[in-house]
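Engineer: The following block contains the structure, expressed as structure tokens.
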Amino acid sequence: MLDIDYKFRDETLLKTAMTHSSYANEHRGSHLHHNERLEFLGDSVLGLVTADHLYTHYPELPEGELTKLRAAVVCEGALCEIARELGIPAALRLGHGEEIGGGRERPSILADATEALLGAIYLDGGIEPARAFVLRFIPRKVEVAIAGGAFKDYKTMLQEIVQKNKQETLRYRLAGQSGPDHDKRFTMELLLNSNVFATGTGRSKKEAEQMAAKQALQTMGME
């Protein structure tokens, strides 16, 4: 059973979202629709909601890094993970050949079905239910992407520069935090030889450290 936290008014939209083209082709006499058009719509909704979230919550990131971050969190791998969390593999309607060929676990099929499901929710309930659906997952994916270096790894870049001079020491410390639990902001100080050289703010300590390292590189004329 799908765990989508949304009740469809038009159940046919949900069925279509879970119908692969291979299944529709095998049942042509039934006038079934497959999910490719819904996938097209869902892809656009996903991009919009994700871009809005990143723009709103990461004001310190320039356009290029926002683009990289968005690409990282709406990629096929991330969508596959979401599909499995939702129970999409078991809900898919696949043709016989696709079924025996392992289509129920094929990354492209799962990612497409996730986008189709989002498209169906958007058509059935509008942008707000669609936004709520996306925001169940995207903020967490963003944090993972940032921690994994979805954009430039400023900390590593700075560390490599500092290591060239063995007398230099570099460390980070928490300077403060603010905001409610669901939207907390951290400020980290970057200390060079025990002196505060730069500060950075982010939605996690790791992100704040990255922003502090970026400021340090800019001060040094390296970024």
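Please note that chains go A, B, ... in the order of the structure tokens, that every chain numbers its residues from 1, and that ligands are numbered from 1 in the order shown.
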Can you pull out every residue within 9 Å of range 78-83 of chain A, counting only C-alpha atoms, but drop anything in the same chain fewer than 4 positions away, and send it as JSON, numbers by chain?

Structural biologist: {"A": [72, 73, 74, 87, 88, 89, 105, 106, 107, 108, 109, 110, 111, 112, 113, 114, 115, 137, 141]}

Engineer: Output all heavy atoms of each residue in that selection to a file, as a compact mmCIF listing (two decimals), in the first residue's frame.

Structural biologist:
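Produced file out.txt, reproduced below:
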# COMPACT_ATOMS: atom_id res chain seq x y z
N ALA A 72 21.19 17.64 -7.67
CA ALA A 72 21.57 16.54 -6.79
C ALA A 72 20.38 15.94 -6.06
O ALA A 72 20.34 14.73 -5.83
CB ALA A 72 22.61 17.02 -5.78
N VAL A 73 19.39 16.76 -5.72
CA VAL A 73 18.28 16.25 -4.91
C VAL A 73 17.09 15.78 -5.73
O VAL A 73 16.18 15.14 -5.19
CB VAL A 73 17.81 17.30 -3.87
CG1 VAL A 73 18.96 17.66 -2.94
CG2 VAL A 73 17.26 18.54 -4.54
N VAL A 74 17.08 16.06 -7.03
CA VAL A 74 15.98 15.56 -7.87
C VAL A 74 16.51 14.56 -8.91
O VAL A 74 15.83 14.26 -9.88
CB VAL A 74 15.20 16.69 -8.58
CG1 VAL A 74 14.62 17.64 -7.55
CG2 VAL A 74 16.09 17.44 -9.57
N GLY A 87 6.64 2.97 -1.13
CA GLY A 87 6.06 1.68 -1.48
C GLY A 87 5.66 1.58 -2.94
O GLY A 87 4.84 0.72 -3.30
N ILE A 88 6.24 2.41 -3.78
CA ILE A 88 5.89 2.42 -5.19
C ILE A 88 6.22 1.11 -5.91
O ILE A 88 5.41 0.66 -6.75
CB ILE A 88 6.55 3.63 -5.90
CG1 ILE A 88 5.78 4.92 -5.55
CG2 ILE A 88 6.60 3.45 -7.43
CD1 ILE A 88 6.36 6.18 -6.15
N PRO A 89 7.35 0.46 -5.63
CA PRO A 89 7.64 -0.78 -6.37
C PRO A 89 6.50 -1.80 -6.34
O PRO A 89 6.17 -2.39 -7.36
CB PRO A 89 8.89 -1.32 -5.65
CG PRO A 89 9.58 -0.09 -5.17
CD PRO A 89 8.46 0.83 -4.74
N GLU A 105 12.20 -2.94 -9.93
CA GLU A 105 13.31 -2.32 -9.21
C GLU A 105 14.22 -1.51 -10.14
O GLU A 105 15.30 -1.09 -9.74
CB GLU A 105 14.14 -3.38 -8.48
CG GLU A 105 13.46 -3.98 -7.26
CD GLU A 105 13.20 -2.94 -6.17
OE1 GLU A 105 14.03 -2.00 -6.03
OE2 GLU A 105 12.18 -3.04 -5.48
N ARG A 106 13.76 -1.29 -11.37
CA ARG A 106 14.58 -0.53 -12.32
C ARG A 106 14.57 0.95 -11.94
O ARG A 106 13.51 1.57 -11.82
CB ARG A 106 14.04 -0.72 -13.74
CG ARG A 106 15.03 -0.28 -14.82
CD ARG A 106 14.43 -0.44 -16.21
NE ARG A 106 13.90 -1.76 -16.46
CZ ARG A 106 14.63 -2.84 -16.77
NH1 ARG A 106 15.94 -2.72 -16.85
NH2 ARG A 106 14.06 -4.01 -16.98
N PRO A 107 15.74 1.56 -11.73
CA PRO A 107 15.79 2.95 -11.26
C PRO A 107 15.00 3.93 -12.12
O PRO A 107 14.30 4.80 -11.58
CB PRO A 107 17.30 3.26 -11.30
CG PRO A 107 17.95 1.94 -11.09
CD PRO A 107 17.08 0.96 -11.82
N SER A 108 15.10 3.81 -13.44
CA SER A 108 14.40 4.77 -14.30
C SER A 108 12.89 4.65 -14.14
O SER A 108 12.18 5.67 -14.13
CB SER A 108 14.79 4.55 -15.76
OG SER A 108 14.46 3.23 -16.18
N ILE A 109 12.39 3.44 -13.99
CA ILE A 109 10.94 3.23 -13.82
C ILE A 109 10.47 3.79 -12.49
O ILE A 109 9.42 4.45 -12.41
CB ILE A 109 10.60 1.74 -13.95
CG1 ILE A 109 10.79 1.28 -15.40
CG2 ILE A 109 9.16 1.46 -13.48
CD1 ILE A 109 10.52 -0.19 -15.63
N LEU A 110 11.24 3.57 -11.43
CA LEU A 110 10.85 4.06 -10.11
C LEU A 110 10.90 5.59 -10.06
O LEU A 110 10.00 6.22 -9.50
CB LEU A 110 11.77 3.48 -9.04
CG LEU A 110 11.70 1.97 -8.82
CD1 LEU A 110 12.64 1.55 -7.71
CD2 LEU A 110 10.28 1.54 -8.50
N ALA A 111 11.93 6.17 -10.64
CA ALA A 111 12.03 7.64 -10.65
C ALA A 111 10.89 8.25 -11.44
O ALA A 111 10.27 9.23 -11.01
CB ALA A 111 13.38 8.06 -11.24
N ASP A 112 10.59 7.66 -12.59
CA ASP A 112 9.50 8.19 -13.42
C ASP A 112 8.16 8.07 -12.71
O ASP A 112 7.32 8.97 -12.78
CB ASP A 112 9.43 7.42 -14.75
CG ASP A 112 10.61 7.72 -15.66
OD1 ASP A 112 11.36 8.67 -15.35
OD2 ASP A 112 10.79 7.00 -16.65
N ALA A 113 7.95 6.97 -12.00
CA ALA A 113 6.68 6.76 -11.28
C ALA A 113 6.54 7.75 -10.13
O ALA A 113 5.43 8.22 -9.84
CB ALA A 113 6.60 5.32 -10.75
N THR A 114 7.64 8.09 -9.50
CA THR A 114 7.60 9.09 -8.42
C THR A 114 7.16 10.44 -8.97
O THR A 114 6.32 11.13 -8.38
CB THR A 114 8.98 9.22 -7.75
OG1 THR A 114 9.38 7.94 -7.26
CG2 THR A 114 8.93 10.20 -6.60
N GLU A 115 7.72 10.83 -10.10
CA GLU A 115 7.33 12.09 -10.72
C GLU A 115 5.89 12.03 -11.22
O GLU A 115 5.15 13.02 -11.11
CB GLU A 115 8.27 12.41 -11.87
CG GLU A 115 9.68 12.77 -11.41
CD GLU A 115 10.62 13.10 -12.55
OE1 GLU A 115 10.41 12.57 -13.67
OE2 GLU A 115 11.56 13.88 -12.33
N PHE A 137 10.26 15.12 1.67
CA PHE A 137 11.53 14.48 1.34
C PHE A 137 12.67 15.44 1.01
O PHE A 137 13.80 15.21 1.41
CB PHE A 137 11.33 13.54 0.13
CG PHE A 137 10.21 12.57 0.30
CD1 PHE A 137 8.96 12.81 -0.27
CD2 PHE A 137 10.40 11.42 1.03
CE1 PHE A 137 7.93 11.91 -0.10
CE2 PHE A 137 9.37 10.51 1.20
CZ PHE A 137 8.12 10.75 0.64
N LYS A 141 16.85 15.48 1.71
CA LYS A 141 17.76 15.19 0.59
C LYS A 141 18.77 16.32 0.40
O LYS A 141 19.92 16.08 0.04
CB LYS A 141 16.96 14.98 -0.69
CG LYS A 141 15.98 13.81 -0.67
CD LYS A 141 16.69 12.49 -0.54
CE LYS A 141 15.70 11.33 -0.58
NZ LYS A 141 16.38 10.03 -0.32

Engineer: Identify, on the basis of only C-alpha atoms, every residue whose closest approach to range 118-121 of chain A does not exceed 6 Å; exclude the query and any residue fewer than 3 positions from it along the same chain; express the result as a PDB file with C-alpha atoms, in the first residue's frame.

Structural biologist:
ATOM      1  CA  LEU A  13      -5.149   9.541 -11.557  1.00  0.00           C
ATOM      2  CA  LEU A  38       1.971  12.613 -15.647  1.00  0.00           C
ATOM      3  CA  LEU A  41       4.015  17.259 -15.414  1.00  0.00           C
ATOM      4  CA  GLY A  42       5.423  15.966 -12.144  1.00  0.00           C
ATOM      5  CA  GLU A 115       7.330  12.093 -10.722  1.00  0.00           C
ATOM      6  CA  ASP A 124      -6.066  16.174  -8.207  1.00  0.00           C
ATOM      7  CA  GLY A 125      -5.466  18.709  -5.456  1.00  0.00           C
ATOM      8  CA  ALA A 130       1.928  18.742  -4.300  1.00  0.00           C
TER       9      ALA A 130
END

Engineer: Give me the residues near range 47-49 of chain A as JSON, numbers by chain, where near means some atom within 9 Å (using only C-alpha atoms) and where sequence neighbours in that chain fewer than 6 positions away do not count.

Structural biologist: {"A": [70, 74, 127, 130, 131, 134, 135]}

Engineer: Just C-alpha atoms for this one: save the residues we selected as a compact mmCIF listing (two decimals), in the first residue's frame.

Structural biologist:
# COMPACT_ATOMS: atom_id res chain seq x y z
CA ARG A 70 18.72 21.09 -7.15
CA VAL A 74 15.98 15.56 -7.87
CA ILE A 127 -0.04 23.05 -5.89
CA ALA A 130 1.93 18.74 -4.30
CA ARG A 131 4.23 21.06 -2.35
CA VAL A 134 7.67 17.18 -2.10
CA LEU A 135 8.63 18.80 1.20

Engineer: Between CA of Glu209 in chain A and CA of Leu192 in chain A, what is the spacing in Å?

Structural biologist: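 A separation of 13.3 Å between them.
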
Engineer: From a DSSP calculation on the backbone, collect every residue of range 30-94 of chain A in alpha helix (DSSP H) and output the set as a PyMOL selection string.

Structural biologist: chain A and resi 36-57+63-73+76-86+88-91

Engineer: Would you mind reading off the distance between CA of Leu117 in chain A and CA of Leu86 in chain A, one decimal, in Å?

Structural biologist: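 If I compute the distance from CA of Leu117 in chain A to CA of Leu86 in chain A, I get 10.4 Å.
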
Engineer: Pick out the closest residue to His20 in chain A from this set: A:Gly95, A:Pro129, A:Gly179, A:Gly200. Count only C-alpha atoms.

Structural biologist: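 Residue with the minimum atom-to-atom distance to His20 in chain A: A:Gly95.
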
Engineer: From a DSSP pass on the backbone, collect the residues of chain A flagged as strand (DSSP E or B) and hand them back as a list in words.

Structural biologist: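 Listing strand (DSSP E or B) positions across chain A yields Thr19, Arg93, Leu170, Arg171, Tyr172, Arg173, Leu174, Ala175, Gly176, Gln177, Ser178, Arg185, Phe186, Thr187, Met188, Glu189, Leu190, Leu191, Leu192, Asn195, Val196, Phe197, Ala198, Thr199, Gly200, Thr201 and Gly202 of chain A.
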
Engineer: Just checking: using only C-alpha atoms, which residue out of A:Met188, A:Glu160, A:Glu36, A:Ile4 ends up closest to Glu85 in chain A?

Structural biologist: A:Ile4

Engineer: Would you please work out which residue, of A:Ala116, A:Ala175, A:Ala198, A:Ile100, is nearest to Arg37 in chain A when using only C-alpha atoms?

Structural biologist: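 For Arg37 in chain A, the nearest of the candidates is A:Ala116.
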
Engineer: Have a look at A:Asp153, A:Glu76, A:Glu99, A:Glu63 and name the one nearest to Ala51 in chain A; count only C-alpha atoms.

Structural biologist: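 Nearest candidate to Ala51 in chain A out of A:Asp153, A:Glu76, A:Glu99, A:Glu63: A:Glu63.
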
Engineer: CA of Glu207 in chain A and CA of Ile146 in chain A are how many Å apart?

Structural biologist: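 Distance reported for this atom pair: 6.6 Å.
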
Engineer: Excluding same-chain residues fewer than 5 positions from Lys155 in chain A, what lies within 8 Å of it counting only C-alpha atoms, as a list of chain:residue names?

Structural biologist: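 The residues satisfying every condition are A:Glu209, A:Gln210, A:Ala213, A:Lys214.
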
Engineer: Fewer than 4 positions away in the same chain doesn't count, so skip those; otherwise give me all residues within 10 Å of Pro139 in chain A, counting only C-alpha atoms, as an MDAnalysis selection string.

Structural biologist: chainID A and resid 50 53:54 57 73 134:135 143:145

Engineer: Go ahead and write the selection's residues with N, CA, C and O atoms as a PDB file, in the first residue's frame.

Structural biologist:
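So the final result, stored in selection18.pdb, reads:
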ATOM      1  N   THR A  50      11.142  22.465  -5.561  1.00  0.00           N
ATOM      2  CA  THR A  50      12.509  22.345  -5.064  1.00  0.00           C
ATOM      3  C   THR A  50      13.258  23.666  -5.213  1.00  0.00           C
ATOM      4  O   THR A  50      13.954  24.111  -4.289  1.00  0.00           O
ATOM      5  N   HIS A  53      12.063  26.095  -2.592  1.00  0.00           N
ATOM      6  CA  HIS A  53      12.594  25.744  -1.268  1.00  0.00           C
ATOM      7  C   HIS A  53      14.056  26.187  -1.140  1.00  0.00           C
ATOM      8  O   HIS A  53      14.446  26.791  -0.134  1.00  0.00           O
ATOM      9  N   LEU A  54      14.853  25.902  -2.147  1.00  0.00           N
ATOM     10  CA  LEU A  54      16.266  26.260  -2.095  1.00  0.00           C
ATOM     11  C   LEU A  54      16.458  27.776  -2.090  1.00  0.00           C
ATOM     12  O   LEU A  54      17.286  28.311  -1.349  1.00  0.00           O
ATOM     13  N   HIS A  57      15.342  29.074   1.481  1.00  0.00           N
ATOM     14  CA  HIS A  57      16.063  28.629   2.665  1.00  0.00           C
ATOM     15  C   HIS A  57      17.587  28.724   2.568  1.00  0.00           C
ATOM     16  O   HIS A  57      18.286  28.555   3.568  1.00  0.00           O
ATOM     17  N   VAL A  73      19.389  16.764  -5.723  1.00  0.00           N
ATOM     18  CA  VAL A  73      18.282  16.251  -4.909  1.00  0.00           C
ATOM     19  C   VAL A  73      17.089  15.776  -5.733  1.00  0.00           C
ATOM     20  O   VAL A  73      16.180  15.145  -5.185  1.00  0.00           O
ATOM     21  N   VAL A 134       6.241  17.001  -1.800  1.00  0.00           N
ATOM     22  CA  VAL A 134       7.666  17.176  -2.103  1.00  0.00           C
ATOM     23  C   VAL A 134       8.456  17.498  -0.839  1.00  0.00           C
ATOM     24  O   VAL A 134       9.548  16.956  -0.620  1.00  0.00           O
ATOM     25  N   LEU A 135       7.895  18.348   0.016  1.00  0.00           N
ATOM     26  CA  LEU A 135       8.632  18.796   1.195  1.00  0.00           C
ATOM     27  C   LEU A 135       8.701  17.744   2.294  1.00  0.00           C
ATOM     28  O   LEU A 135       9.360  17.959   3.319  1.00  0.00           O
ATOM     29  N   GLU A 143      19.986  18.285   2.775  1.00  0.00           N
ATOM     30  CA  GLU A 143      21.006  18.176   3.813  1.00  0.00           C
ATOM     31  C   GLU A 143      22.032  17.098   3.471  1.00  0.00           C
ATOM     32  O   GLU A 143      23.237  17.283   3.667  1.00  0.00           O
ATOM     33  N   VAL A 144      21.544  15.980   2.960  1.00  0.00           N
ATOM     34  CA  VAL A 144      22.448  14.889   2.579  1.00  0.00           C
ATOM     35  C   VAL A 144      23.359  15.337   1.438  1.00  0.00           C
ATOM     36  O   VAL A 144      24.562  15.055   1.432  1.00  0.00           O
ATOM     37  N   ALA A 145      22.775  16.034   0.470  1.00  0.00           N
ATOM     38  CA  ALA A 145      23.555  16.499  -0.677  1.00  0.00           C
ATOM     39  C   ALA A 145      24.626  17.493  -0.256  1.00  0.00           C
ATOM     40  O   ALA A 145      25.762  17.442  -0.732  1.00  0.00           O
TER      41      ALA A 145
END
